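Listing of query-v5.csv; format and content: CSV, C-alpha atoms.
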chain,number,residue,atom,x,y,z
M,137,GLU,CA,1.4,-18.5,3.1
M,138,LEU,CA,0.3,-15.4,1.3
M,139,LYS,CA,3.4,-13.6,0.1
M,140,VAL,CA,4.4,-11.0,-2.4
M,141,GLU,CA,8.0,-10.6,-3.4
M,142,GLN,CA,9.6,-7.8,-5.5
M,143,ASN,CA,13.0,-7.6,-7.0
M,144,PRO,CA,15.2,-5.9,-7.1
M,145,LEU,CA,14.9,-4.0,-3.8
M,146,PHE,CA,17.2,-1.2,-5.0
M,147,LEU,CA,17.7,-0.1,-8.6
M,148,SER,CA,20.1,2.6,-9.8
M,149,MET,CA,19.9,3.3,-13.5
M,150,GLN,CA,21.1,5.9,-15.9
M,151,GLU,CA,18.7,8.2,-17.7
M,152,GLY,CA,17.7,6.8,-21.1
M,153,LYS,CA,18.1,3.1,-20.1
M,154,ASN,CA,15.4,0.4,-19.8
M,155,TYR,CA,14.7,-1.8,-16.9
M,156,THR,CA,12.1,-4.2,-15.4
M,157,ILE,CA,10.9,-4.6,-11.9
M,158,TYR,CA,9.4,-8.0,-11.0
M,159,CYS,CA,6.6,-8.9,-8.6
M,160,ASN,CA,6.0,-12.6,-7.7
M,161,TYR,CA,3.2,-13.8,-5.6
M,162,SER,CA,2.6,-17.0,-3.8
M,163,THR,CA,-0.9,-18.1,-4.7
M,164,THR,CA,-3.7,-17.6,-7.1
M,165,SER,CA,-4.9,-14.1,-7.8
M,166,ASP,CA,-6.1,-12.1,-10.8
M,167,ARG,CA,-6.0,-8.7,-9.2
M,168,LEU,CA,-2.7,-6.9,-8.9
M,169,TYR,CA,-1.9,-3.2,-8.4
M,170,TRP,CA,1.1,-1.0,-8.8
M,171,TYR,CA,1.8,2.1,-6.6
M,172,ARG,CA,4.4,4.8,-6.5
M,173,GLN,CA,5.7,6.5,-3.4
M,174,ASP,CA,7.8,9.6,-3.3
M,175,PRO,CA,10.1,10.1,-0.3
M,176,GLY,CA,8.0,11.2,2.7
M,177,LYS,CA,4.8,11.0,0.8
M,178,SER,CA,1.8,8.8,0.5
M,179,LEU,CA,1.1,6.1,-2.1
M,180,GLU,CA,-0.3,6.9,-5.5
M,181,SER,CA,-2.0,4.3,-7.7
M,182,LEU,CA,-0.3,3.6,-11.1
M,183,PHE,CA,-1.9,0.6,-12.6
M,184,VAL,CA,-4.7,-1.9,-11.9
M,185,LEU,CA,-4.4,-5.3,-13.5
M,186,LEU,CA,-7.5,-7.4,-13.3
M,187,SER,CA,-7.0,-10.4,-15.6
M,188,ASN,CA,-4.4,-12.7,-17.1
M,189,GLY,CA,-2.5,-11.0,-19.9
M,190,ALA,CA,-3.6,-7.5,-18.8
M,191,VAL,CA,-1.2,-4.8,-20.0
M,192,LYS,CA,-1.4,-1.2,-19.0
M,193,GLN,CA,0.8,1.7,-20.2
M,194,GLU,CA,1.3,5.2,-18.9
M,195,GLY,CA,4.1,7.3,-20.3
M,196,ARG,CA,7.4,5.5,-19.8
M,197,LEU,CA,5.9,2.8,-17.6
M,198,MET,CA,4.2,-0.4,-18.7
M,199,ALA,CA,2.8,-3.1,-16.4
M,200,SER,CA,1.7,-6.6,-17.2
M,201,LEU,CA,0.2,-9.6,-15.4
M,202,ASP,CA,0.7,-13.3,-16.0
M,203,THR,CA,-1.6,-15.1,-13.5
M,204,LYS,CA,-0.4,-18.5,-14.5
M,205,ALA,CA,3.2,-17.6,-13.6
M,206,ARG,CA,2.0,-15.5,-10.6
M,207,LEU,CA,4.2,-12.7,-12.0
M,208,SER,CA,3.7,-9.1,-12.8
M,209,THR,CA,6.3,-6.8,-14.4
M,210,LEU,CA,6.7,-3.0,-14.4
M,211,HIS,CA,8.8,-2.0,-17.3
M,212,ILE,CA,10.6,1.3,-17.5
M,213,THR,CA,11.5,2.7,-20.9
M,214,ALA,CA,14.1,5.4,-21.4
M,215,ALA,CA,14.2,6.4,-17.7
M,216,VAL,CA,14.1,10.0,-16.6
M,217,HIS,CA,15.0,11.5,-13.3
M,218,ASP,CA,11.3,12.2,-12.5
M,219,LEU,CA,10.7,8.4,-12.2
M,220,SER,CA,12.9,8.2,-9.1
M,221,ALA,CA,10.6,6.8,-6.4
M,222,THR,CA,9.7,3.6,-4.6
M,223,TYR,CA,7.4,1.3,-6.5
M,224,PHE,CA,5.2,-1.2,-4.8
M,225,CYS,CA,3.1,-4.0,-6.1
M,226,ALA,CA,0.1,-5.3,-4.1
M,227,VAL,CA,-2.0,-8.4,-4.6
M,228,ASP,CA,-5.6,-9.1,-3.6
M,229,PHE,CA,-5.6,-12.8,-2.8
M,230,ASN,CA,-9.4,-12.9,-3.1
M,231,THR,CA,-9.7,-13.0,0.7
M,232,GLY,CA,-12.0,-10.1,1.0
M,233,ASN,CA,-10.1,-7.1,-0.2
M,234,GLN,CA,-7.0,-7.7,1.8
M,235,PHE,CA,-4.1,-6.3,0.0
M,236,TYR,CA,-0.6,-7.8,0.4
M,237,PHE,CA,2.2,-5.5,-0.5
M,238,GLY,CA,5.7,-6.3,-1.8
M,239,THR,CA,8.6,-4.7,0.1
M,240,GLY,CA,9.0,-2.2,-2.7
M,241,THR,CA,11.7,-1.3,-5.2
M,242,SER,CA,13.6,1.9,-4.6
M,243,LEU,CA,14.5,3.4,-8.0
M,244,THR,CA,17.1,6.1,-8.5
M,245,VAL,CA,17.6,7.5,-12.0
M,246,ILE,CA,21.0,9.1,-12.4
M,247,PRO,CA,21.4,11.9,-15.0
X,189,ASN,CA,-13.6,15.8,-2.8
X,190,ALA,CA,-11.0,15.8,0.0
X,191,GLY,CA,-10.3,12.1,-0.6
X,192,VAL,CA,-8.8,10.3,2.4
X,193,THR,CA,-7.8,12.5,5.3
X,194,GLN,CA,-5.8,11.5,8.4
X,195,THR,CA,-5.1,13.2,11.6
X,196,PRO,CA,-2.7,13.9,13.2
X,197,LYS,CA,0.2,14.1,10.8
X,198,PHE,CA,2.8,13.6,13.5
X,199,GLN,CA,2.5,12.3,17.1
X,200,VAL,CA,4.9,11.5,19.9
X,201,LEU,CA,3.7,9.2,22.7
X,202,LYS,CA,5.3,7.7,25.8
X,203,THR,CA,5.2,4.0,26.4
X,204,GLY,CA,1.9,3.0,27.8
X,205,GLN,CA,-0.1,5.9,26.5
X,206,SER,CA,-3.2,5.4,24.4
X,207,MET,CA,-4.4,7.4,21.4
X,208,THR,CA,-6.6,7.3,18.4
X,209,LEU,CA,-5.5,7.9,14.8
X,210,GLN,CA,-8.4,9.4,12.7
X,211,CYS,CA,-9.2,8.5,9.2
X,212,ALA,CA,-12.1,9.8,7.0
X,213,GLN,CA,-13.0,9.5,3.3
X,214,ASP,CA,-15.7,11.2,1.3
X,215,MET,CA,-15.8,8.9,-1.7
X,216,ASN,CA,-18.5,6.5,-0.4
X,217,HIS,CA,-16.0,3.6,-0.5
X,218,GLU,CA,-17.1,0.5,1.3
X,219,TYR,CA,-13.6,-0.8,2.0
X,220,MET,CA,-11.2,0.9,4.4
X,221,SER,CA,-7.9,-0.3,5.7
X,222,TRP,CA,-5.1,0.6,8.1
X,223,TYR,CA,-1.5,-0.2,7.3
X,224,ARG,CA,1.8,0.4,8.9
X,225,GLN,CA,5.0,1.1,6.9
X,226,ASP,CA,8.4,0.2,8.4
X,227,PRO,CA,11.7,0.5,6.6
X,228,GLY,CA,12.4,-2.6,4.4
X,229,MET,CA,9.0,-4.2,5.1
X,230,GLY,CA,6.6,-2.6,2.7
X,231,LEU,CA,3.1,-2.0,4.0
X,232,ARG,CA,1.5,-4.4,6.4
X,233,LEU,CA,-2.2,-4.6,7.0
X,234,ILE,CA,-3.4,-4.0,10.5
X,235,HIS,CA,-7.2,-4.0,10.3
X,236,TYR,CA,-9.7,-3.6,7.6
X,237,SER,CA,-13.4,-3.0,7.1
X,238,VAL,CA,-15.7,-4.1,4.3
X,239,GLY,CA,-18.6,-1.8,5.4
X,240,ALA,CA,-20.1,0.0,8.4
X,241,GLY,CA,-20.3,-2.2,11.4
X,242,ILE,CA,-17.9,-4.8,9.9
X,243,THR,CA,-14.2,-5.1,10.7
X,244,ASP,CA,-11.6,-7.8,10.6
X,245,GLN,CA,-8.0,-8.4,11.5
X,246,GLY,CA,-5.1,-8.1,9.0
X,247,GLU,CA,-1.6,-9.3,9.2
X,248,VAL,CA,-0.4,-7.4,12.3
X,249,PRO,CA,-3.5,-6.6,14.5
X,250,ASN,CA,-2.0,-7.0,18.0
X,251,GLY,CA,-2.1,-3.8,20.1
X,252,TYR,CA,-4.6,-2.0,17.8
X,253,ASN,CA,-8.4,-1.7,17.8
X,254,VAL,CA,-10.7,-0.4,15.1
X,255,SER,CA,-14.4,0.4,14.7
X,256,ARG,CA,-16.5,1.4,11.7
X,257,SER,CA,-19.7,3.1,12.8
X,258,THR,CA,-20.1,5.1,9.6
X,259,THR,CA,-19.1,4.6,6.0
X,260,GLU,CA,-16.9,7.7,6.2
X,261,ASP,CA,-14.8,7.1,9.3
X,262,PHE,CA,-12.4,4.4,10.4
X,263,PRO,CA,-10.4,5.3,13.5
X,264,LEU,CA,-7.4,3.2,14.7
X,265,ARG,CA,-6.9,3.0,18.5
X,266,LEU,CA,-3.6,2.2,20.1
X,267,LEU,CA,-4.4,0.7,23.4
X,268,SER,CA,-1.1,0.9,25.2
X,269,ALA,CA,1.7,2.3,23.0
X,270,ALA,CA,5.0,0.4,22.8
X,271,PRO,CA,8.2,1.4,21.0
X,272,SER,CA,7.6,-1.4,18.5
X,273,GLN,CA,4.6,0.6,17.3
X,274,THR,CA,6.9,3.5,16.1
X,275,SER,CA,6.0,3.6,12.4
X,276,VAL,CA,4.2,5.5,9.6
X,277,TYR,CA,0.5,4.7,9.5
X,278,PHE,CA,-1.6,4.9,6.4
X,279,CYS,CA,-5.3,4.7,6.0
X,280,ALA,CA,-6.7,3.6,2.6
X,281,SER,CA,-10.2,3.2,1.0
X,282,SER,CA,-11.5,1.7,-2.1
X,283,PHE,CA,-14.5,0.1,-3.9
X,284,ARG,CA,-14.4,-3.7,-4.0
X,285,GLY,CA,-11.7,-4.9,-6.5
X,286,ARG,CA,-10.5,-1.4,-7.3
X,287,GLU,CA,-7.3,0.4,-6.4
X,288,GLN,CA,-6.9,1.9,-3.0
X,289,PHE,CA,-6.7,5.6,-2.3
X,290,PHE,CA,-4.3,6.4,0.5
X,291,GLY,CA,-4.3,9.2,3.1
X,292,PRO,CA,-1.2,11.3,3.7
X,293,GLY,CA,-0.1,9.2,6.7
X,294,THR,CA,0.6,9.7,10.4
X,295,ARG,CA,4.2,9.5,11.6
X,296,LEU,CA,4.1,8.0,15.1
X,297,THR,CA,7.0,7.9,17.5
X,298,VAL,CA,6.7,6.0,20.8
X,299,LEU,CA,9.4,6.7,23.4
Step by step, read the file and then write its structure as structure tokens.
Amino acid sequence: ELKVEQNPLFLSMQEGKNYTIYCNYSTTSDRLYWYRQDPGKSLESLFVLLSNGAVKQEGRLMASLDTKARLSTLHITAAVHDLSATYFCAVDFNTGNQFYFGTGTSLTVIP
Amino acid sequence: NAGVTQTPKFQVLKTGQSMTLQCAQDMNHEYMSWYRQDPGMGLRLIHYSVGAGITDQGEVPNGYNVSRSTTEDFPLRLLSAAPSQTSVYFCASSFRGREQFFGPGTRLTVL
């Protein structure tokens, strides 16, 4: 079964703290994507990870991909309120551009 | 570029009615997809297309039809609306292997 799991589902953190969101997937893939969604809005692409060991960074967010462990992480450094949103990972299981999404991690950064 | 556009933004239907959700993109992307987003379930793929004239089913295709007569347009038809189809619908497009660009969404309520 093609499955993508994220944890935690909900994350409340204080400003200035660090935390990691995890994305596990069920079978081989070397294409993983991270998106951000603000309440009531559409999804916005954050990172595209296309090979084992890929690491991408943008501001306080850093994403990495370990295809052998079937795991991607989204690390948040020194969180700020503007990072409050829902974060989704999505995997292309090489089935013809079908993307499977995780259930999302709802992040709230508390001042 | 307008990116990915969707109409309407909101729609209320009665059970049994049919309607078409419109999606268009101006980025010459070959891949287009329709998703539904329900609370706690992430995004689930309904149908997708890898080019004009080619469509295929995703994870939850029942009750929906699609066609792709041009590269730009990918309408989603609800054949006979049911309350279980109450959801937010997103259309997305991409080049093969690249991140998807999402439309603003259509919020559908079926009474």
**Message:** With 12 Å as the threshold, what does the neighbourhood of (-17.3, 6.2, -4.0) contain in terms of residues, counting all atoms listed in the file? Coordinates are those of the file; answer as an NGL selection string.
**Reply:** :X and (189 or 191-192 or 213-220 or 259-260 or 281-284 or 286-289)
**Request:** Up to 12 Å from chain X, what residues of chain M turn up? Count all atoms listed in the file and give them as a ChimeraX atom specification.
**Result:** /M:137-142,145-146,165-187,222-242
**Message:** Report, in Å to a single decimal, how far apart atom CA of Ile212 of chain M and atom CA of Ser148 of chain M are.
**Reply:**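 Separating atom CA of Ser148 of chain M from atom CA of Ile212 of chain M is a distance of 12.3 Å.
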**Nearest candidate to Val216 of chain M (options M:Lys192, M:Pro247, M:Thr163, M:Asp202; using only C-alpha atoms)** = M:Pro247
**Asked** Between atom CA of Thr164 of chain M and atom CA of Pro249 of chain X, what is the spacing in Å?
**Response**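 A separation of 24.2 Å between them.
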**Selected residue of minimal separation from Tyr252 of chain X among X:Lys197, X:Arg265, X:Lys202, X:Arg224, counting all atoms listed in the file** = X:Arg265
**Request:** Can you pull out every residue within 7 Å of Thr156 of chain M, counting all atoms listed in the file, but drop anything in the same chain fewer than 2 positions away, and send it as a PyMOL selection string?
**Result:** chain M and resi 158+209-212
**Neighbour list for Val191 of chain M as a list in words, cut-off 7 Å, only C-alpha atoms, skip fewer than 3 positions in-chain** =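 Selected residues are Ala199, Ser200 and Leu201 of chain M.
Minimum atom-to-atom distances from M:Gln193, M:Thr244, M:Thr203, M:Asn143 to Ile157 of chain M were compared using only C-alpha atoms, and the lowest value belongs to M:Asn143.
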**Message:** Between atom CA of Gly251 of chain X and atom CA of Leu267 of chain X, what distance in Å does the model show, to one decimal?
**Reply:** 6.0 Å
